[in-house]
Amino acid sequence: MAGNDGSQGAEVQPLLATVAFAGEGDQLESGLIEDKDALERALVWKLDKRMSILVLIYILNYMDRNNASAARLRGFEEDLHLEGSQFATVLSILYIGYVSMQIPSNMFLNHFGKPSKYLPLCMTIWGALSLITGFATSYFHVLCIRFFLGFVEAAFFPGALFLISKWYTRHELSQRTAFLSCGILLSNAFGSLIASGILNSMDGVLLGYTAWRWLFFVEGSITILVAIWSMFILPDFPENSSNWLTPAEKALALERVARDTVDISVQNAAAIYGTSSGKLLGRWPGLYLAVTDWKVWWLAVALFFMVAALSFGVYFPTLAATMGYGPIVSLLLCAPPWLFATAVALVVSRHSDKVEERSKHICSSLLAGIFGFILAMSSMNTIVRYISLFFMAQTYAAFICFLAWASGSVSHPPAKRAVALALINCVSQLGNVVGA
């Protein structure tokens with residue numbers, strides 16, 4: 001894939017020559033421009049429909065990651081004989097595996113070039129790991145399963161961000177990143193509703209397994225089924241996707257990517273890559289370009305602190321339970337704050353795209369989150385504490401805007417972008433280890 005970076009512009013020109021909207025003169029006729037705009041709208045709409053399955057996958061990704069928090073309300077700790085800080089260790093060990101695999105996974109995805117096969121395969125494996133969590137009988141068992149669950153889940157989010165960034169322009173990126181990241185919020189909302197239904201109705205069903213075990217059985221099975229389905233829907237990268245695109249659409253997809261990135265001549269390619277011919281030095285050029293760019297590390301550290309501030313999410317059912325209600329009501333109370341957060345995130349990210357500004361939108365959401373933390377700490381009133389959950393949950397709008405900012409800041413070449421996005425997410429997820 002790295003070899004494709006330098007030749008991408010050369011590949012685009014002959015493709016565009018075959019498309020009706022590419023005129024022979026320097027100026028395109030107005031009718032041809034309108035045809036091109038219509039074709040681009042059709043391409044983006046077709047792409048949006050295929051990419052929408054990423055939201056469903058991300059919902060399942062977070063449900064499989066956070067279902068231990070819901071299971072805790074119905075005997076998870078007691079049945080596995082967890083003591084002291086062992087439950088917190090069970091939560092945080094997932095992120096050790098998650099952090100360790102992200103960069104190698106995205107490097108492999110960039111080289112392999114088939115996200116429609118790679119991401120569903122990883123999804124199938126993590127669905128199976130989630131399912132067998134229901135058979136765990138000890139602290140050691142669940143600790144090992146959770147570590148490998150994080151190891152495999154690491155492939156999805158940075159891989160999905162990379163896939164999106166390969167198809168959409170920077171002005172389209174924030175909204176699509178928002179839709180993807182809303183999978184976190186919808187997972188927290190509907191995951192609680194699904195968990196409440198399973199925990200309330202399946203205790204001792206069939207083979208006599210307790211309700212929390214059925215939670216893992218059901219959610220893991222759903223993940224495997226969706227993984228198989230997604231193999232037929234997810235696109236590959238623009239340069240190797242053909243079965244669902246017309247020649248004109250494929251040419252336009254490549255032209256959009258070339259148009260949105262900085263043109264690289266032989267001279268400035270030499271400055272970036274280190275050779276007069278523009279060829280990459282080193283065995284892993286994307287890794288070298290990413291780790292030597294100070295912006296990547298600055299973005300990673302900033303996102304680390306933001307993720308640490310958002311780590312309350314893994315304890316959200318526990319926070320709701322402090323208001324004094326039973327397990328089922330506590331889980332139901334988790335849904336409205338996350339649905340509110342989803343609406344806020346979509347509005348904030350859309351406005352951020354429209355005005356082409358990031359930092360003020362990020363800071364506004366963070367300040368509202370701080371206000372929510374203060375409310376939760378300063379009052380024992382049930383209504384006030386519940387309102388504080390809404391302010392806390394909407395903080396994810398800042399997280400989503402920041403991801404779009406990061407994606408647009410390290411956009412070229414693709415080999416660097418693949419590693420940079422994984423590195424930023426990798427460092428940031430250490431915030432979940434600390435937070436848990």
# chains A, B, ... in the order shown; residues from 1 in each chain; ligands from 1
call {"tool": "residues_around", "arguments": {"residues": "A:Ala42", "least_positions_apart": "3", "cutoff": "12 Å", "atoms": "only C-alpha atoms", "output": "PyMOL selection string"}}
result
chain A and resi 35-39+45-49+245-246+248-250+252-253
call {"tool": "write_last_selection", "arguments": {"atoms": "N, CA, C and O atoms", "output": "mmCIF file, in the first residue's frame"}}
result
data_model
loop_
_atom_site.group_PDB
_atom_site.id
_atom_site.type_symbol
_atom_site.label_atom_id
_atom_site.label_comp_id
_atom_site.auth_asym_id
_atom_site.auth_seq_id
_atom_site.Cartn_x
_atom_site.Cartn_y
_atom_site.Cartn_z
ATOM 1 N N ASP A 35 -22.899 18.151 -13.896
ATOM 2 C CA ASP A 35 -22.893 16.690 -13.952
ATOM 3 C C ASP A 35 -21.918 16.118 -12.920
ATOM 4 O O ASP A 35 -22.210 15.110 -12.268
ATOM 5 N N LYS A 36 -20.788 16.763 -12.792
ATOM 6 C CA LYS A 36 -19.800 16.297 -11.827
ATOM 7 C C LYS A 36 -20.317 16.446 -10.408
ATOM 8 O O LYS A 36 -20.149 15.546 -9.570
ATOM 9 N N ASP A 37 -20.945 17.578 -10.099
ATOM 10 C CA ASP A 37 -21.504 17.798 -8.761
ATOM 11 C C ASP A 37 -22.581 16.761 -8.449
ATOM 12 O O ASP A 37 -22.647 16.240 -7.334
ATOM 13 N N ALA A 38 -23.431 16.479 -9.437
ATOM 14 C CA ALA A 38 -24.480 15.479 -9.234
ATOM 15 C C ALA A 38 -23.870 14.101 -9.007
ATOM 16 O O ALA A 38 -24.326 13.336 -8.140
ATOM 17 N N LEU A 39 -22.818 13.784 -9.767
ATOM 18 C CA LEU A 39 -22.146 12.492 -9.600
ATOM 19 C C LEU A 39 -21.491 12.397 -8.228
ATOM 20 O O LEU A 39 -21.521 11.346 -7.582
ATOM 21 N N TRP A 45 -23.590 9.770 -1.258
ATOM 22 C CA TRP A 45 -24.784 9.112 -0.713
ATOM 23 C C TRP A 45 -24.626 7.594 -0.734
ATOM 24 O O TRP A 45 -24.949 6.901 0.238
ATOM 25 N N LYS A 46 -24.110 7.069 -1.839
ATOM 26 C CA LYS A 46 -23.879 5.621 -1.934
ATOM 27 C C LYS A 46 -22.853 5.177 -0.896
ATOM 28 O O LYS A 46 -23.001 4.120 -0.268
ATOM 29 N N LEU A 47 -21.838 5.990 -0.708
ATOM 30 C CA LEU A 47 -20.796 5.681 0.281
ATOM 31 C C LEU A 47 -21.348 5.743 1.700
ATOM 32 O O LEU A 47 -21.054 4.870 2.537
ATOM 33 N N ASP A 48 -22.171 6.758 1.986
ATOM 34 C CA ASP A 48 -22.762 6.892 3.319
ATOM 35 C C ASP A 48 -23.591 5.660 3.686
ATOM 36 O O ASP A 48 -23.571 5.203 4.837
ATOM 37 N N LYS A 49 -24.343 5.142 2.713
ATOM 38 C CA LYS A 49 -25.187 3.975 2.993
ATOM 39 C C LYS A 49 -24.340 2.769 3.373
ATOM 40 O O LYS A 49 -24.710 2.004 4.270
ATOM 41 N N LEU A 245 -18.932 0.314 -7.579
ATOM 42 C CA LEU A 245 -18.759 1.639 -8.159
ATOM 43 C C LEU A 245 -18.719 1.554 -9.683
ATOM 44 O O LEU A 245 -18.166 0.599 -10.241
ATOM 45 N N THR A 246 -19.279 2.555 -10.340
ATOM 46 C CA THR A 246 -19.107 2.679 -11.781
ATOM 47 C C THR A 246 -17.703 3.225 -12.047
ATOM 48 O O THR A 246 -17.073 3.798 -11.145
ATOM 49 N N ALA A 248 -16.876 5.877 -13.595
ATOM 50 C CA ALA A 248 -16.889 7.316 -13.339
ATOM 51 C C ALA A 248 -16.828 7.609 -11.842
ATOM 52 O O ALA A 248 -16.127 8.525 -11.398
ATOM 53 N N GLU A 249 -17.566 6.834 -11.038
ATOM 54 C CA GLU A 249 -17.579 7.038 -9.585
ATOM 55 C C GLU A 249 -16.229 6.712 -8.971
ATOM 56 O O GLU A 249 -15.759 7.412 -8.067
ATOM 57 N N LYS A 250 -15.591 5.656 -9.460
ATOM 58 C CA LYS A 250 -14.271 5.304 -8.928
ATOM 59 C C LYS A 250 -13.253 6.387 -9.261
ATOM 60 O O LYS A 250 -12.433 6.777 -8.421
ATOM 61 N N LEU A 252 -13.878 9.535 -9.765
ATOM 62 C CA LEU A 252 -14.194 10.694 -8.937
ATOM 63 C C LEU A 252 -13.737 10.478 -7.504
ATOM 64 O O LEU A 252 -13.238 11.413 -6.853
ATOM 65 N N ALA A 253 -13.901 9.265 -6.975
ATOM 66 C CA ALA A 253 -13.464 8.977 -5.607
ATOM 67 C C ALA A 253 -11.962 9.200 -5.463
ATOM 68 O O ALA A 253 -11.497 9.788 -4.478
#
call {"tool": "select_by_dssp", "arguments": {"residues": "stretch 74-207 of chain A", "states": "alpha helix (DSSP H)", "output": "PyMOL selection string"}}
result
chain A and resi 76-79+86-112+115-133+139-153+156-167+170-201
call {"tool": "write_last_selection", "arguments": {"atoms": "C-alpha atoms", "output": "tab-separated table (two decimals), in the first residue's frame"}}
result
chain	number	residue	atom	x	y	z
A	76	PHE	CA	-20.95	-10.92	38.22
A	77	GLU	CA	-18.56	-10.12	41.08
A	78	GLU	CA	-20.07	-12.61	43.51
A	79	ASP	CA	-20.10	-15.57	41.09
A	86	GLN	CA	-10.21	-6.92	41.07
A	87	PHE	CA	-13.29	-5.67	39.21
A	88	ALA	CA	-11.45	-2.45	38.32
A	89	THR	CA	-8.56	-4.60	37.07
A	90	VAL	CA	-10.97	-6.61	34.92
A	91	LEU	CA	-12.12	-3.34	33.33
A	92	SER	CA	-8.67	-1.86	32.81
A	93	ILE	CA	-6.89	-5.01	31.55
A	94	LEU	CA	-8.91	-4.78	28.33
A	95	TYR	CA	-7.21	-1.51	27.49
A	96	ILE	CA	-3.73	-3.02	27.91
A	97	GLY	CA	-4.49	-5.38	25.05
A	98	TYR	CA	-6.35	-2.60	23.23
A	99	VAL	CA	-3.40	-0.21	23.35
A	100	SER	CA	-0.75	-2.76	22.39
A	101	MET	CA	-2.36	-3.80	19.10
A	102	GLN	CA	-3.66	-0.61	17.49
A	103	ILE	CA	-0.56	0.52	15.61
A	104	PRO	CA	0.38	-2.93	14.24
A	105	SER	CA	-3.25	-3.48	13.25
A	106	ASN	CA	-3.54	-0.27	11.23
A	107	MET	CA	-0.15	-0.86	9.61
A	108	PHE	CA	-1.35	-4.29	8.55
A	109	LEU	CA	-4.67	-2.89	7.32
A	110	ASN	CA	-2.85	-0.31	5.19
A	111	HIS	CA	-0.68	-3.08	3.72
A	112	PHE	CA	-3.48	-5.65	3.30
A	115	PRO	CA	-10.99	-3.61	5.38
A	116	SER	CA	-14.13	-5.44	4.18
A	117	LYS	CA	-12.44	-8.71	5.14
A	118	TYR	CA	-10.09	-7.71	7.94
A	119	LEU	CA	-12.49	-5.76	10.18
A	120	PRO	CA	-15.31	-8.36	10.08
A	121	LEU	CA	-12.80	-11.15	10.84
A	122	CYS	CA	-11.61	-9.30	13.94
A	123	MET	CA	-15.24	-8.65	14.86
A	124	THR	CA	-16.05	-12.36	14.65
A	125	ILE	CA	-13.18	-13.18	17.01
A	126	TRP	CA	-14.12	-10.55	19.59
A	127	GLY	CA	-17.76	-11.67	19.43
A	128	ALA	CA	-16.62	-15.21	20.23
A	129	LEU	CA	-14.48	-13.95	23.13
A	130	SER	CA	-17.43	-11.97	24.48
A	131	LEU	CA	-19.62	-15.06	24.24
A	132	ILE	CA	-17.19	-17.31	26.15
A	133	THR	CA	-16.96	-14.72	28.94
A	139	TYR	CA	-10.98	-14.08	38.26
A	140	PHE	CA	-8.12	-15.57	36.21
A	141	HIS	CA	-10.49	-16.75	33.47
A	142	VAL	CA	-12.23	-13.42	33.00
A	143	LEU	CA	-8.93	-11.52	33.23
A	144	CYS	CA	-7.41	-13.52	30.35
A	145	ILE	CA	-10.55	-13.24	28.22
A	146	ARG	CA	-10.79	-9.48	28.73
A	147	PHE	CA	-7.14	-8.98	27.80
A	148	PHE	CA	-7.53	-10.81	24.49
A	149	LEU	CA	-10.88	-9.10	23.89
A	150	GLY	CA	-9.09	-5.74	23.97
A	151	PHE	CA	-6.31	-7.17	21.81
A	152	VAL	CA	-8.79	-8.00	19.01
A	153	GLU	CA	-11.16	-5.03	19.49
A	156	PHE	CA	-11.88	-1.68	14.75
A	157	PHE	CA	-11.90	1.98	15.80
A	158	PRO	CA	-8.55	3.16	14.37
A	159	GLY	CA	-9.24	0.99	11.32
A	160	ALA	CA	-12.67	2.56	10.85
A	161	LEU	CA	-11.24	6.07	11.22
A	162	PHE	CA	-8.60	5.23	8.62
A	163	LEU	CA	-11.20	3.81	6.24
A	164	ILE	CA	-13.38	6.92	6.58
A	165	SER	CA	-10.43	9.27	6.08
A	166	LYS	CA	-9.54	7.46	2.83
A	167	TRP	CA	-12.96	8.20	1.29
A	170	ARG	CA	-11.68	17.02	5.35
A	171	HIS	CA	-14.85	19.15	5.19
A	172	GLU	CA	-16.95	15.97	5.31
A	173	LEU	CA	-14.88	14.26	7.96
A	174	SER	CA	-16.21	15.71	11.21
A	175	GLN	CA	-19.82	14.77	10.50
A	176	ARG	CA	-18.89	11.22	9.49
A	177	THR	CA	-16.60	10.86	12.49
A	178	ALA	CA	-19.51	12.07	14.62
A	179	PHE	CA	-21.85	9.46	13.17
A	180	LEU	CA	-19.27	6.74	13.82
A	181	SER	CA	-18.43	7.91	17.33
A	182	CYS	CA	-22.11	8.19	18.19
A	183	GLY	CA	-21.91	4.42	18.25
A	184	ILE	CA	-20.33	4.84	21.70
A	185	LEU	CA	-23.25	6.91	22.94
A	186	LEU	CA	-25.95	4.76	21.36
A	187	SER	CA	-24.23	1.67	22.74
A	188	ASN	CA	-24.32	3.13	26.24
A	189	ALA	CA	-28.00	3.98	25.79
A	190	PHE	CA	-29.37	0.88	24.09
A	191	GLY	CA	-26.82	-1.42	25.69
A	192	SER	CA	-28.35	-0.52	29.05
A	193	LEU	CA	-31.86	-1.17	27.73
A	194	ILE	CA	-30.87	-4.52	26.22
A	195	ALA	CA	-28.98	-5.48	29.37
A	196	SER	CA	-31.98	-4.63	31.55
A	197	GLY	CA	-34.21	-6.85	29.42
A	198	ILE	CA	-31.81	-9.80	29.50
A	199	LEU	CA	-30.95	-9.47	33.18
A	200	ASN	CA	-34.62	-9.19	34.11
A	201	SER	CA	-35.97	-12.10	32.07
call {"tool": "atom_distance", "arguments": {"atom1": "atom CA of A:Ala418", "atom2": "atom CA of A:Glu239"}}
result
15.6 Å
call {"tool": "atom_distance", "arguments": {"atom1": "atom CA of A:Leu346", "atom2": "atom CA of A:Ala302"}}
result
21.8 Å
call {"tool": "atom_distance", "arguments": {"atom1": "atom CA of A:Ser330", "atom2": "atom CA of A:Ala309"}}
result
22.2 Å
call {"tool": "residues_around", "arguments": {"residues": "A:Ile57", "least_positions_apart": "4", "cutoff": "8 Å", "atoms": "only C-alpha atoms", "output": "number ranges by chain"}}
result
A: 53, 61, 183, 223, 226-227
call {"tool": "residues_around", "arguments": {"residues": "A:Asn432", "least_positions_apart": "3", "cutoff": "6 Å", "atoms": "only C-alpha atoms", "output": "PyMOL selection string"}}
result
chain A and resi 308+311+429+435-436
call {"tool": "residues_around", "arguments": {"residues": "A:Arg358", "least_positions_apart": "6", "cutoff": "7 Å", "atoms": "only C-alpha atoms", "output": "VMD selection string"}}
result
chain A and resid 352 401 405
call {"tool": "closest_residue", "arguments": {"among": "A:Val291, A:Val205, A:Val348, A:Met323", "to": "A:Asn381", "atoms": "only C-alpha atoms"}}
result
A:Met323
